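Visitor: Here you go, data.txt (compact mmCIF, C-alpha atoms):
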```
# COMPACT_ATOMS: atom_id res chain seq x y z
CA MET Z 27 29.41 -4.55 90.46
CA ALA Z 28 31.29 -6.86 88.08
CA PRO Z 29 29.93 -10.09 89.63
CA HIS Z 30 26.36 -8.81 89.26
CA PHE Z 31 26.96 -7.78 85.65
CA ARG Z 32 28.54 -11.18 84.92
CA LYS Z 33 25.56 -12.94 86.49
CA ALA Z 34 23.14 -10.87 84.40
CA MET Z 35 25.12 -11.65 81.24
CA ASP Z 36 25.11 -15.34 82.16
CA ALA Z 37 21.31 -15.20 82.45
CA LEU Z 38 20.96 -13.39 79.11
CA TYR Z 39 23.30 -15.91 77.51
CA MET Z 40 21.16 -18.79 78.80
CA LEU Z 41 18.05 -17.06 77.46
CA CYS Z 42 19.70 -16.77 74.04
CA VAL Z 43 20.68 -20.43 74.11
CA LEU Z 44 17.16 -21.45 75.17
CA ILE Z 45 15.52 -19.43 72.40
CA ALA Z 46 17.96 -20.55 69.71
CA GLY Z 47 17.86 -24.17 70.86
CA SER Z 48 14.06 -24.21 70.96
CA ALA Z 49 13.92 -22.71 67.48
CA LEU Z 50 16.31 -25.38 66.19
CA VAL Z 51 14.24 -28.18 67.75
CA LEU Z 52 11.04 -26.73 66.27
CA ILE Z 53 12.64 -26.41 62.83
CA SER Z 54 13.72 -30.04 63.11
CA ALA Z 55 10.10 -31.01 63.73
CA VAL Z 56 8.41 -28.70 61.23
CA ILE Z 57 10.49 -29.58 58.16
CA PRO Z 58 9.90 -33.36 58.37
CA TRP Z 59 6.19 -32.68 58.87
CA GLY Z 60 6.15 -30.68 55.64
CA VAL Z 61 7.95 -33.49 53.82
CA TYR Z 62 5.55 -36.07 55.30
CA THR Z 63 2.43 -34.18 54.24
CA ARG Z 64 3.79 -33.55 50.75
CA TYR Z 65 5.15 -36.98 49.88
CA VAL Z 66 3.28 -39.43 52.11
CA LEU Z 67 -0.14 -37.80 52.43
CA ASN Z 68 0.14 -36.25 48.96
CA SER Z 69 -1.40 -33.07 50.37
CA ALA Z 70 1.28 -30.49 51.17
CA ALA Z 71 0.71 -28.33 54.22
CA SER Z 72 1.35 -24.67 53.43
CA TRP Z 73 2.66 -23.57 56.82
CA PRO Z 74 5.84 -25.65 57.51
CA GLU Z 75 8.14 -23.76 55.14
CA PRO Z 76 7.24 -20.23 56.28
CA ALA Z 77 7.29 -21.42 59.90
CA ALA Z 78 10.81 -22.78 59.41
CA VAL Z 79 11.91 -19.47 57.87
CA LEU Z 80 10.48 -17.52 60.81
CA LEU Z 81 12.13 -19.84 63.31
CA THR Z 82 15.42 -19.50 61.42
CA ILE Z 83 15.31 -15.74 61.98
CA TRP Z 84 14.99 -16.32 65.73
CA LEU Z 85 17.68 -19.01 65.70
CA THR Z 86 20.09 -16.81 63.76
CA PHE Z 87 19.99 -13.63 65.82
CA PHE Z 88 19.78 -15.15 69.29
CA GLY Z 89 22.25 -17.91 68.41
CA ALA Z 90 24.70 -15.39 66.96
CA ALA Z 91 24.62 -13.30 70.15
CA ALA Z 92 25.27 -16.40 72.27
CA CYS Z 93 28.12 -17.54 70.03
CA TYR Z 94 29.69 -14.08 70.04
CA ARG Z 95 29.69 -13.96 73.83
CA LEU Z 96 31.73 -17.14 74.11
CA GLY Z 97 33.84 -16.50 71.02
CA VAL Z 98 32.72 -19.69 69.28
CA HIS Z 99 31.68 -17.90 66.11
CA MET Z 100 33.51 -18.24 62.82
CA ALA Z 101 36.66 -16.12 62.65
CA VAL Z 102 39.55 -15.85 60.22
CA THR Z 103 42.65 -14.83 62.15
CA VAL Z 104 45.49 -15.55 59.72
CA GLY Z 105 46.40 -11.89 59.21
CA VAL Z 106 46.02 -10.98 62.87
CA ASP Z 107 48.15 -13.95 63.94
CA LEU Z 108 51.04 -12.55 61.87
CA LEU Z 109 50.99 -9.26 63.80
CA PRO Z 110 53.14 -8.62 66.85
CA GLU Z 111 51.44 -8.95 70.25
CA ARG Z 112 50.63 -5.25 70.46
CA GLY Z 113 49.08 -5.28 66.97
CA GLN Z 114 47.01 -8.34 67.90
CA ARG Z 115 45.62 -6.54 70.96
CA ALA Z 116 44.83 -3.49 68.84
CA ALA Z 117 43.09 -5.69 66.25
CA ALA Z 118 41.04 -7.38 69.00
CA LEU Z 119 39.93 -3.97 70.29
CA LEU Z 120 39.13 -2.80 66.76
CA VAL Z 121 36.99 -5.91 66.20
CA GLU Z 122 35.02 -5.23 69.37
CA ILE Z 123 34.49 -1.58 68.36
CA LEU Z 124 33.35 -2.54 64.85
CA MET Z 125 31.05 -5.19 66.28
CA ALA Z 126 29.59 -2.56 68.61
CA VAL Z 127 28.89 -0.33 65.59
CA ILE Z 128 27.14 -3.23 63.84
CA ALA Z 129 25.15 -4.04 66.99
CA VAL Z 130 24.00 -0.42 67.35
CA TYR Z 131 23.03 -0.43 63.66
CA MET Z 132 20.99 -3.60 64.23
CA VAL Z 133 19.21 -2.02 67.18
CA ILE Z 134 18.38 1.28 65.48
CA TYR Z 135 17.41 0.00 62.06
CA GLY Z 136 15.90 -3.20 63.45
CA ILE Z 137 13.50 -1.12 65.53
CA LYS Z 138 12.66 0.98 62.46
CA LEU Z 139 12.04 -2.21 60.46
CA CYS Z 140 9.77 -3.61 63.19
CA GLN Z 141 7.82 -0.36 63.34
CA ALA Z 142 7.47 -0.18 59.56
CA THR Z 143 6.17 -3.75 59.32
CA TRP Z 144 4.16 -3.95 62.55
CA ASP Z 145 0.76 -3.75 60.82
CA ASN Z 146 1.69 -6.29 58.12
CA THR Z 147 0.85 -9.95 58.51
CA ILE Z 148 2.13 -13.15 56.96
CA ALA Z 149 -0.26 -14.93 54.61
CA ASP Z 150 0.11 -18.30 56.32
CA PHE Z 151 -0.06 -16.76 59.81
CA PRO Z 152 -2.54 -13.85 59.64
CA PHE Z 153 -2.49 -13.51 63.45
CA LEU Z 154 1.28 -12.84 63.45
CA SER Z 155 2.73 -9.37 62.91
CA VAL Z 156 5.75 -9.14 60.64
CA GLY Z 157 7.19 -6.69 63.18
CA VAL Z 158 7.15 -9.44 65.80
CA VAL Z 159 8.91 -11.77 63.41
CA TYR Z 160 11.66 -9.19 62.83
CA SER Z 161 12.01 -8.32 66.53
CA PRO Z 162 15.02 -10.66 66.99
CA ILE Z 163 17.07 -8.24 64.88
CA PRO Z 164 17.10 -5.36 67.38
CA ALA Z 165 16.98 -7.80 70.32
CA GLY Z 166 19.99 -9.71 69.00
CA GLY Z 167 21.81 -6.44 68.38
CA LEU Z 168 21.14 -5.26 71.93
CA LEU Z 169 22.25 -8.58 73.41
CA THR Z 170 25.41 -8.57 71.29
CA LEU Z 171 26.13 -4.99 72.41
CA LEU Z 172 25.75 -6.01 76.05
CA PHE Z 173 28.12 -8.94 75.49
CA ILE Z 174 30.64 -6.57 73.84
CA ILE Z 175 30.44 -4.26 76.84
CA GLU Z 176 31.05 -7.30 79.02
CA HIS Z 177 34.13 -8.25 76.96
CA LEU Z 178 35.58 -4.76 77.14
CA THR Z 179 34.88 -4.08 80.82
CA ILE Z 180 35.26 -7.34 82.73
CA GLY Z 181 36.56 -9.70 80.02
CA ARG Z 182 35.20 -12.81 78.42
CA PRO Z 183 33.59 -15.41 80.68
CA ALA Z 184 35.75 -18.27 81.92
CA GLY Z 185 36.03 -21.06 79.40
CA ALA Z 186 35.24 -18.78 76.45
CA GLY Z 187 37.10 -19.22 73.22
CA GLY Z 188 37.70 -16.42 70.82
CA ASP Z 189 40.40 -13.83 70.80
CA PRO Z 190 43.15 -14.59 73.30
CA HIS Z 191 44.09 -10.91 73.34
CA LEU Z 192 40.98 -9.88 75.21
CA PRO Z 193 40.85 -10.33 78.96
CA VAL Z 194 39.25 -13.48 80.32
CA GLU Z 195 37.72 -13.89 83.77
```
In structure tokens, write the structure found in this file.
Guide:
Amino acid sequence: MAPHFRKAMDALYMLCVLIAGSALVLISAVIPWGVYTRYVLNSAASWPEPAAVLLTIWLTFFGAAACYRLGVHMAVTVGVDLLPERGQRAAALLVEILMAVIAVYMVIYGIKLCQATWDNTIADFPFLSVGVVYSPIPAGGLLTLLFIIEHLTIGRPAGAGGDPHLPVE
């Protein structure tokens, strides 16, 4: 069972990286286009800035889930490093539990946010539902929750950084 779960998490991780990476590439193309139209053509396009903001939402939530899985997110461990080994393990478990609470919150209230804004549109993109734009919030929360379950049940994937007190494959 564990190898199948690991394989599924690997696939979800790659999906997160693909989405976040694509969003970053698109942001890197959209922003210069906005600058070009404003300063070279002297006729600013209205869509590049809101498009970059929308892409940033996708980049943030999918990228954060991917980073959390491998433990390459920002972490301050000074206080935990001063604890004895047993306290460090307890702190690592507490972090995973608190992250699970946050992920569940993101799923529940993210879905409510998407539902509440589903019929709204964005002025520059009238064909795009605001609910679709916010959908990375519950999706990112669900993915993060799955990665937390992976950490707690079969450990972090091989080569992952992060807390050395959690099991690694």
Visitor: Quick one: residues within 6 Å of (18.9, -6.5, 69.3) (file frame), counting only C-alpha atoms, please, as a list in words.
Guide: Val133, Ile163, Pro164, Ala165, Gly166, Gly167, Leu168 and Leu169 of chain Z
Visitor: Using all atoms listed in the file, can you tell me which of Z:Ile134, Z:Phe31, Z:Tyr160, Z:Gly181 comes closest to Asn146 of chain Z?
Guide: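 Result for the nearest residue to Asn146 of chain Z: Z:Tyr160.
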Visitor: What does the distance between atom CA of His99 of chain Z and atom CA of Val127 of chain Z come to in Å, to one decimal place?
Guide: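 About the pair atom CA of His99 of chain Z and atom CA of Val127 of chain Z: they are 17.8 Å apart.
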Visitor: Please write as a ChimeraX atom specification the list of polymer residues whose atoms come within 8 Å of (28.0, -2.5, 70.5), counting all atoms listed in the file and keeping to the coordinates of the file.
Guide: /Z:122-130,167-168,170-172,174-175
Visitor: Using only C-alpha atoms, determine which residues lie at most 12 Å from Cys93 of chain Z, disregarding the query and same-chain residues fewer than 4 positions distant; provide the list as an NGL selection string.
Guide: :Z and (39-40 or 42-43 or 46 or 85-89 or 97-101 or 166 or 169-170 or 173-174 or 182 or 186-188)
Visitor: Put the listed atoms of segment 156-175 of chain Z in a box along x, y and z with 4 Å added on every side and give me the centre and edge lengths in Å to one decimal, as AutoDock Vina command-line options.
Guide:
```
--center_x 18.2 --center_y -8.0 --center_z 68.7 --size_x 32.9 --size_y 15.5 --size_z 24.2
```
Visitor: For atom CA of Ala77 of chain Z and atom CA of Leu38 of chain Z, quote the distance in Å rounded to one decimal.
Guide: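 Going from atom CA of Ala77 of chain Z over to atom CA of Leu38 of chain Z, I get 24.9 Å.
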Visitor: Enter the distance from atom CA of Thr63 of chain Z to atom CA of Pro76 of chain Z, in Å, rounded to one decimal.
Guide: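 It comes out at 14.9 Å.
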Visitor: Choose the residue, out of Z:Gly105, Z:Pro162, Z:Pro183, Z:Gly157, that has the smallest atom-to-atom separation from Met132 of chain Z; count only C-alpha atoms.
Guide: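 Comparing Z:Gly105, Z:Pro162, Z:Pro183, Z:Gly157 against Met132 of chain Z, the winner is Z:Pro162.
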Visitor: For segment 43-55 of chain Z, supply N, CA and C atoms and report the output as a PDB file, in the coordinates of the input.
Guide:
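Produced file out16.pdb, reproduced below:
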```pdb
ATOM      1  N   VAL Z  43      20.502 -19.015  74.422  1.00  0.00           N
ATOM      2  CA  VAL Z  43      20.680 -20.430  74.110  1.00  0.00           C
ATOM      3  C   VAL Z  43      19.332 -21.154  74.122  1.00  0.00           C
ATOM      4  N   LEU Z  44      18.488 -20.837  75.084  1.00  0.00           N
ATOM      5  CA  LEU Z  44      17.160 -21.450  75.170  1.00  0.00           C
ATOM      6  C   LEU Z  44      16.316 -21.108  73.949  1.00  0.00           C
ATOM      7  N   ILE Z  45      16.306 -19.849  73.564  1.00  0.00           N
ATOM      8  CA  ILE Z  45      15.520 -19.430  72.400  1.00  0.00           C
ATOM      9  C   ILE Z  45      16.054 -20.073  71.131  1.00  0.00           C
ATOM     10  N   ALA Z  46      17.367 -19.978  70.921  1.00  0.00           N
ATOM     11  CA  ALA Z  46      17.960 -20.550  69.710  1.00  0.00           C
ATOM     12  C   ALA Z  46      17.806 -22.061  69.673  1.00  0.00           C
ATOM     13  N   GLY Z  47      18.016 -22.714  70.806  1.00  0.00           N
ATOM     14  CA  GLY Z  47      17.860 -24.170  70.860  1.00  0.00           C
ATOM     15  C   GLY Z  47      16.433 -24.614  70.613  1.00  0.00           C
ATOM     16  N   SER Z  48      15.478 -23.885  71.181  1.00  0.00           N
ATOM     17  CA  SER Z  48      14.060 -24.210  70.960  1.00  0.00           C
ATOM     18  C   SER Z  48      13.693 -24.021  69.493  1.00  0.00           C
ATOM     19  N   ALA Z  49      14.200 -22.947  68.896  1.00  0.00           N
ATOM     20  CA  ALA Z  49      13.920 -22.710  67.480  1.00  0.00           C
ATOM     21  C   ALA Z  49      14.493 -23.841  66.621  1.00  0.00           C
ATOM     22  N   LEU Z  50      15.693 -24.292  66.949  1.00  0.00           N
ATOM     23  CA  LEU Z  50      16.310 -25.380  66.190  1.00  0.00           C
ATOM     24  C   LEU Z  50      15.504 -26.677  66.328  1.00  0.00           C
ATOM     25  N   VAL Z  51      15.054 -26.978  67.528  1.00  0.00           N
ATOM     26  CA  VAL Z  51      14.240 -28.180  67.750  1.00  0.00           C
ATOM     27  C   VAL Z  51      12.930 -28.083  66.960  1.00  0.00           C
ATOM     28  N   LEU Z  52      12.295 -26.913  67.008  1.00  0.00           N
ATOM     29  CA  LEU Z  52      11.040 -26.730  66.270  1.00  0.00           C
ATOM     30  C   LEU Z  52      11.248 -26.838  64.766  1.00  0.00           C
ATOM     31  N   ILE Z  53      12.335 -26.276  64.261  1.00  0.00           N
ATOM     32  CA  ILE Z  53      12.640 -26.410  62.830  1.00  0.00           C
ATOM     33  C   ILE Z  53      12.815 -27.871  62.477  1.00  0.00           C
ATOM     34  N   SER Z  54      13.480 -28.607  63.351  1.00  0.00           N
ATOM     35  CA  SER Z  54      13.720 -30.040  63.110  1.00  0.00           C
ATOM     36  C   SER Z  54      12.438 -30.850  63.124  1.00  0.00           C
ATOM     37  N   ALA Z  55      11.395 -30.328  63.739  1.00  0.00           N
ATOM     38  CA  ALA Z  55      10.100 -31.010  63.730  1.00  0.00           C
ATOM     39  C   ALA Z  55       9.221 -30.547  62.577  1.00  0.00           C
TER      40      ALA Z  55
END
```
